[in-house]
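Data file: protein_1.tsv. Format and content: TSV, C-alpha atoms.
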```
chain	number	residue	atom	x	y	z
A	1	MET	CA	60.31	14.39	-7.63
A	2	ALA	CA	59.50	11.22	-5.67
A	3	ARG	CA	63.19	10.31	-5.78
A	4	ASN	CA	64.17	13.77	-4.43
A	5	VAL	CA	61.65	13.45	-1.57
A	6	ALA	CA	62.96	9.99	-0.73
A	7	ASN	CA	66.56	11.26	-0.75
A	8	VAL	CA	65.67	14.12	1.61
A	9	LEU	CA	63.84	11.80	4.02
A	10	THR	CA	66.67	9.24	3.93
A	11	SER	CA	69.27	11.97	4.58
A	12	GLU	CA	67.27	13.39	7.51
A	13	ALA	CA	66.77	9.95	9.07
A	14	SER	CA	70.47	9.15	8.68
A	15	MET	CA	71.53	12.40	10.37
A	16	ARG	CA	69.00	11.89	13.18
A	17	HIS	CA	70.22	8.35	13.81
A	18	SER	CA	73.86	9.55	13.77
A	19	ALA	CA	73.10	12.24	16.37
A	20	ILE	CA	71.34	9.73	18.65
A	21	ALA	CA	74.22	7.26	18.25
A	22	LEU	CA	76.77	9.95	19.09
A	23	LEU	CA	74.91	10.98	22.24
A	24	ALA	CA	74.46	7.33	23.27
A	25	LEU	CA	78.22	6.84	22.84
A	26	MET	CA	78.85	9.87	25.07
A	27	VAL	CA	76.57	8.41	27.75
A	28	ALA	CA	78.26	5.00	27.59
A	29	SER	CA	81.71	6.57	27.71
A	30	THR	CA	80.77	8.68	30.72
A	31	ALA	CA	79.46	5.65	32.59
A	32	ALA	CA	82.69	3.76	31.92
A	33	GLN	CA	84.82	6.68	33.11
A	34	ALA	CA	82.67	7.06	36.22
A	35	ALA	CA	83.26	3.41	37.05
A	36	ASP	CA	87.02	3.80	36.60
A	37	LEU	CA	87.06	6.85	38.86
A	38	ASN	CA	84.77	5.25	41.53
A	39	TRP	CA	82.56	8.36	41.56
A	40	ASN	CA	79.75	6.41	43.18
A	41	SER	CA	80.60	5.08	46.64
A	42	ASN	CA	78.17	2.10	46.58
A	43	ALA	CA	80.24	-1.01	47.38
A	44	THR	CA	78.19	-3.48	45.33
A	45	SER	CA	78.11	-1.48	42.12
A	46	PRO	CA	80.71	1.11	41.07
A	47	ILE	CA	78.32	2.61	38.51
A	48	TYR	CA	74.89	2.73	40.12
A	49	GLY	CA	73.94	3.07	43.78
A	50	SER	CA	70.76	3.50	45.79
A	51	SER	CA	71.75	7.07	46.70
A	52	SER	CA	73.12	9.88	44.55
A	53	ALA	CA	76.70	10.99	44.99
A	54	THR	CA	75.32	14.49	44.38
A	55	GLN	CA	71.91	16.07	44.99
A	56	TRP	CA	69.77	17.09	42.02
A	57	THR	CA	66.51	18.08	43.77
A	58	GLY	CA	65.43	21.69	43.27
A	59	PHE	CA	64.55	24.45	40.85
A	60	TYR	CA	67.02	25.46	38.15
A	61	ALA	CA	67.30	27.84	35.21
A	62	GLY	CA	69.86	28.40	32.51
A	63	LEU	CA	70.88	29.28	28.96
A	64	SER	CA	71.46	27.10	25.93
A	65	GLY	CA	72.09	27.27	22.21
A	66	GLY	CA	72.59	24.92	19.32
A	67	TYR	CA	72.35	23.92	15.68
A	68	ALA	CA	69.37	22.35	13.91
A	69	TRP	CA	68.83	20.52	10.63
A	70	GLY	CA	65.79	18.84	9.16
A	71	THR	CA	63.02	19.06	6.57
A	72	THR	CA	60.61	21.83	5.63
A	73	THR	CA	57.67	20.67	3.53
A	74	ASN	CA	56.16	23.32	1.27
A	75	SER	CA	53.00	22.18	-0.57
A	76	PRO	CA	52.18	22.62	-3.34
A	77	ALA	CA	55.76	22.72	-4.60
A	78	LEU	CA	56.88	25.98	-6.16
A	79	ALA	CA	57.59	26.06	-9.89
A	80	GLY	CA	60.87	24.27	-10.51
A	81	GLY	CA	61.12	23.27	-6.85
A	82	GLN	CA	60.11	20.33	-4.68
A	83	ALA	CA	57.77	19.84	-1.76
A	84	SER	CA	60.36	18.50	0.74
A	85	ASN	CA	63.41	20.68	1.33
A	86	ASN	CA	66.48	20.41	3.54
A	87	SER	CA	66.48	23.03	6.29
A	88	ALA	CA	69.06	24.19	8.81
A	89	GLY	CA	69.76	26.98	11.28
A	90	TRP	CA	70.52	28.02	14.85
A	91	SER	CA	68.70	28.49	18.15
A	92	LEU	CA	69.49	30.45	21.32
A	93	GLY	CA	67.43	30.75	24.48
A	94	GLY	CA	66.83	29.60	28.00
A	95	GLN	CA	65.24	26.88	30.08
A	96	ALA	CA	63.87	26.37	33.58
A	97	GLY	CA	62.73	23.30	35.45
A	98	TYR	CA	62.53	21.25	38.61
A	99	ASN	CA	64.17	17.93	39.51
A	100	ILE	CA	63.30	15.37	42.19
A	101	ASP	CA	66.24	13.17	43.19
A	102	MET	CA	64.85	9.80	44.31
A	103	GLY	CA	68.25	8.37	45.22
A	104	GLY	CA	70.01	7.42	42.02
A	105	PHE	CA	66.95	8.08	39.83
A	106	VAL	CA	65.94	11.64	38.92
A	107	VAL	CA	62.60	12.77	37.48
A	108	GLY	CA	61.45	16.27	36.68
A	109	GLY	CA	60.01	18.73	34.20
A	110	GLU	CA	61.53	21.42	32.01
A	111	ALA	CA	60.26	24.23	29.79
A	112	ASP	CA	62.35	26.20	27.32
A	113	LEU	CA	61.94	29.04	24.84
A	114	HIS	CA	64.38	29.68	21.99
A	115	TRP	CA	64.81	32.36	19.39
A	116	ALA	CA	65.73	30.67	16.13
A	117	SER	CA	66.28	30.84	12.41
A	118	ILE	CA	65.66	27.30	11.14
A	119	GLY	CA	64.42	26.93	7.58
A	120	TYR	CA	65.27	27.11	3.91
A	121	ASN	CA	64.94	29.39	0.89
A	122	GLU	CA	64.63	28.86	-2.85
A	123	PRO	CA	64.46	31.06	-5.93
A	124	ILE	CA	61.15	32.11	-7.45
A	125	ALA	CA	60.40	34.36	-10.41
A	126	GLY	CA	61.89	37.76	-9.61
A	127	GLY	CA	63.14	36.90	-6.13
A	128	THR	CA	63.23	34.32	-3.34
A	129	PHE	CA	60.87	32.32	-1.16
A	130	GLU	CA	61.78	31.56	2.46
A	131	ALA	CA	60.08	29.40	5.11
A	132	LYS	CA	61.48	29.19	8.63
A	133	THR	CA	60.81	28.83	12.35
A	134	ASP	CA	61.76	32.05	14.13
A	135	PHE	CA	61.05	30.89	17.69
A	136	PHE	CA	59.97	27.69	19.39
A	137	GLY	CA	59.59	26.20	22.82
A	138	THR	CA	59.00	22.87	24.52
A	139	VAL	CA	57.40	21.60	27.73
A	140	ARG	CA	58.92	18.22	28.62
A	141	GLY	CA	59.30	15.57	31.25
A	142	ARG	CA	62.80	14.29	32.08
A	143	ALA	CA	63.98	11.05	33.68
A	144	GLY	CA	67.58	10.07	34.30
A	145	VAL	CA	69.96	7.87	36.27
A	146	THR	CA	72.83	9.44	38.21
A	147	VAL	CA	76.36	8.21	37.54
A	148	GLY	CA	78.32	10.07	40.18
A	149	GLN	CA	78.14	13.74	39.19
A	150	VAL	CA	76.72	12.92	35.75
A	151	MET	CA	73.13	12.24	34.74
A	152	PRO	CA	72.21	10.73	31.35
A	153	TYR	CA	68.49	11.26	30.74
A	154	ALA	CA	65.60	10.80	28.33
A	155	THR	CA	63.11	13.57	27.67
A	156	GLY	CA	59.88	14.14	25.77
A	157	GLY	CA	56.77	16.28	25.61
A	158	LEU	CA	55.01	19.06	23.72
A	159	ALA	CA	56.49	21.55	21.26
A	160	PHE	CA	55.24	24.81	19.81
A	161	GLY	CA	56.66	27.50	17.56
A	162	ARG	CA	56.01	30.29	15.11
A	163	GLY	CA	56.58	29.75	11.42
A	164	VAL	CA	57.17	32.48	8.84
A	165	ALA	CA	56.69	32.25	5.07
A	166	GLN	CA	58.11	35.17	3.09
A	167	GLU	CA	58.37	36.11	-0.55
A	168	SER	CA	60.82	38.81	-1.64
A	169	THR	CA	60.34	40.09	-5.18
A	170	GLY	CA	61.20	43.75	-4.72
A	171	VAL	CA	58.19	43.87	-2.43
A	172	ILE	CA	58.30	41.67	0.70
A	173	THR	CA	55.16	39.69	1.52
A	174	SER	CA	55.25	37.77	4.81
A	175	GLN	CA	52.78	35.54	6.64
A	176	SER	CA	53.14	33.78	9.99
A	177	ALA	CA	51.39	30.87	11.73
A	178	ASN	CA	51.55	29.11	15.08
A	179	HIS	CA	52.67	25.48	14.99
A	180	PHE	CA	52.09	22.77	17.60
A	181	GLY	CA	53.59	19.31	17.86
A	182	TRP	CA	55.84	17.07	19.92
A	183	THR	CA	59.48	16.48	20.81
A	184	ALA	CA	61.66	13.68	22.21
A	185	GLY	CA	65.35	13.20	22.83
A	186	LEU	CA	68.32	12.29	24.99
A	187	GLY	CA	70.68	14.35	27.10
A	188	LEU	CA	73.68	14.34	29.40
A	189	GLU	CA	74.04	16.75	32.35
A	190	ALA	CA	77.02	17.02	34.68
A	191	GLN	CA	77.41	18.97	37.94
A	192	ALA	CA	80.42	21.25	37.87
A	193	THR	CA	79.66	22.58	41.38
A	194	ALA	CA	76.83	22.15	43.89
A	195	ASN	CA	74.82	24.79	41.99
A	196	ILE	CA	76.16	24.84	38.43
A	197	SER	CA	75.73	22.11	35.83
A	198	ILE	CA	76.50	21.84	32.13
A	199	LYS	CA	74.52	19.81	29.61
A	200	ALA	CA	74.46	18.48	26.05
A	201	GLU	CA	71.15	17.50	24.48
A	202	TYR	CA	69.65	16.08	21.30
A	203	LEU	CA	65.98	16.72	20.47
A	204	TYR	CA	63.83	15.76	17.53
A	205	VAL	CA	61.14	18.43	17.09
A	206	ASP	CA	58.02	17.97	14.96
A	207	LEU	CA	56.03	21.21	14.74
A	208	GLY	CA	53.42	19.79	12.38
A	209	GLU	CA	51.78	21.50	9.42
A	210	GLN	CA	49.97	24.81	9.12
A	211	SER	CA	48.33	26.73	6.27
A	212	TYR	CA	49.68	30.08	5.07
A	213	ALA	CA	47.30	32.26	3.07
A	214	GLY	CA	47.75	35.53	1.20
A	215	LEU	CA	51.09	34.84	-0.48
A	216	PRO	CA	51.63	35.94	-4.10
A	217	THR	CA	52.42	32.35	-5.15
A	218	GLY	CA	49.19	31.16	-3.55
A	219	ASN	CA	48.11	29.49	-0.33
A	220	ARG	CA	50.62	26.99	1.04
A	221	ASP	CA	50.75	24.19	3.61
A	222	ILE	CA	54.10	24.23	5.40
A	223	SER	CA	55.51	21.83	7.99
A	224	GLN	CA	58.68	22.12	10.08
A	225	ARG	CA	60.53	19.07	11.43
A	226	PHE	CA	64.12	19.19	12.64
A	227	SER	CA	66.81	17.64	14.79
A	228	LEU	CA	68.50	19.89	17.32
A	229	VAL	CA	71.83	19.47	19.09
A	230	ARG	CA	72.45	22.04	21.81
A	231	ALA	CA	74.64	22.72	24.82
A	232	GLY	CA	73.85	24.77	27.90
A	233	VAL	CA	74.50	25.68	31.50
A	234	ASN	CA	72.07	25.57	34.45
A	235	TYR	CA	72.07	27.15	37.90
A	236	LYS	CA	70.27	25.25	40.68
A	237	PHE	CA	68.64	27.44	43.33
```
Can you turn what I pasted into structure tokens?
Amino acid sequence: MARNVANVLTSEASMRHSAIALLALMVASTAAQAADLNWNSNATSPIYGSSSATQWTGFYAGLSGGYAWGTTTNSPALAGGQASNNSAGWSLGGQAGYNIDMGGFVVGGEADLHWASIGYNEPIAGGTFEAKTDFFGTVRGRAGVTVGQVMPYATGGLAFGRGVAQESTGVITSQSANHFGWTAGLGLEAQATANISIKAEYLYVDLGEQSYAGLPTGNRDISQRFSLVRAGVNYKF
């Protein structure tokens, strides 16, 4: 069992590092292309200038969706199962925020809410057990550097969500709990027009552990942790 847990944790860490490396490569590639195209008009540096080539200040709102993968811990382990389990699923929702363009450096805040189905299931006697996150949200700070019309950024803050544990054995028994935790990640946003921007984002979300009582297999402590890659579009007002 210890070996299985270690394999799950190693696999999750490897996928998380790969996603961060891929996004970092995108950011580096964008900066190089921006330099080649002379998007920024500053004479002393083709990549970074003291003023933005575009203006990011203002309120915005948009839609986004993506794919998540991670680990759901279910303790104590079910008969024949293990405590740490690979999870995966989708998310779809919206975000809103405000940016302040300080001339080449942008800071702001963003909140989002996503419907989701991120979890796992396993067989139990006479049926199946499922644990998942069915919605989650974050409240985050953002800080980025403008590269012409493109802004690579870092983000982090609080996360919350609702978890569901369900047993189906001819009769469905379901319990839910509110989870709270943290999130951090990287993103890349590009202005398509003065008001419309598109973005790609990686987040690591840790929703912590909560207790679920009243299930036929007994009380359980369940945690949800996942990596999320999503794309979206924003409209600046």
**Request:** May I ask for the distance between atom CA of A:Ala159 and atom CA of A:Asn234, given in Å to one decimal place?
**Result:**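 For atom CA of A:Ala159 relative to atom CA of A:Asn234, the distance reads 20.8 Å.
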Could I get the residues of stretch 176-220 of chain A with an atom no further than 9 Å from an atom of stretch 68-85 of chain A, each paired with its nearest atom pair and that distance in Å to one decimal, using all atoms listed in the file, sorted by chain and residue number, as JSON lines?
```
{"residue": "A:Glu209", "atom": "CA", "partner": "A:Thr73", "partner_atom": "CA", "distance": 8.4}
{"residue": "A:Thr217", "atom": "CA", "partner": "A:Leu78", "partner_atom": "CA", "distance": 7.8}
{"residue": "A:Asn219", "atom": "CA", "partner": "A:Pro76", "partner_atom": "CA", "distance": 8.5}
{"residue": "A:Arg220", "atom": "CA", "partner": "A:Ser75", "partner_atom": "CA", "distance": 5.6}
```
Please build the interface table for stretch 109-204 of chain A against stretch 92-103 of chain A with a cut-off of 12 Å, listing for each qualifying residue the nearest atom pair and the distance in Å to one decimal; count all atoms listed in the file, order rows by chain and increasing number, and write it as a Markdown table.
```
| residue | atom | partner | partner_atom | distance |
| --- | --- | --- | --- | --- |
| A:Gly109 | CA | A:Gly97 | CA | 5.5 |
| A:Glu110 | CA | A:Gly97 | CA | 4.1 |
| A:Ala111 | CA | A:Gln95 | CA | 5.6 |
| A:Asp112 | CA | A:Gln95 | CA | 4.1 |
| A:Leu113 | CA | A:Gly93 | CA | 5.8 |
| A:His114 | CA | A:Gly93 | CA | 4.1 |
| A:Trp115 | CA | A:Leu92 | CA | 5.4 |
| A:Ala116 | CA | A:Leu92 | CA | 6.4 |
| A:Ser117 | CA | A:Leu92 | CA | 9.5 |
| A:Ile118 | CA | A:Leu92 | CA | 11.3 |
| A:Asp134 | CA | A:Leu92 | CA | 10.7 |
| A:Phe135 | CA | A:Leu92 | CA | 9.2 |
| A:Phe136 | CA | A:Gly93 | CA | 9.5 |
| A:Gly137 | CA | A:Gly93 | CA | 9.2 |
| A:Thr138 | CA | A:Gln95 | CA | 9.3 |
| A:Val139 | CA | A:Gly97 | CA | 9.5 |
| A:Arg140 | CA | A:Gly97 | CA | 9.3 |
| A:Gly141 | CA | A:Gly97 | CA | 9.4 |
| A:Arg142 | CA | A:Asn99 | CA | 8.4 |
| A:Ala143 | CA | A:Asn99 | CA | 9.0 |
| A:Gly144 | CA | A:Asp101 | CA | 9.5 |
| A:Val145 | CA | A:Gly103 | CA | 9.1 |
| A:Thr146 | CA | A:Gly103 | CA | 8.4 |
| A:Val147 | CA | A:Gly103 | CA | 11.2 |
| A:Gly148 | CA | A:Gly103 | CA | 11.4 |
| A:Met151 | CA | A:Asp101 | CA | 10.9 |
| A:Tyr153 | CA | A:Asn99 | CA | 11.8 |
| A:Lys199 | CA | A:Gln95 | CA | 11.7 |
```
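Nearest-residue note for A:Thr169: choosing from A:Gly58, A:Gly65, A:Gly126, A:Gly214, the minimum distance belongs to A:Gly126, counting all atoms listed in the file.
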**Within 9 Å of A:Leu215 using all atoms listed in the file, minus same-chain residues under 5 positions, as a ChimeraX atom specification** = /A:165-167,173-175,220
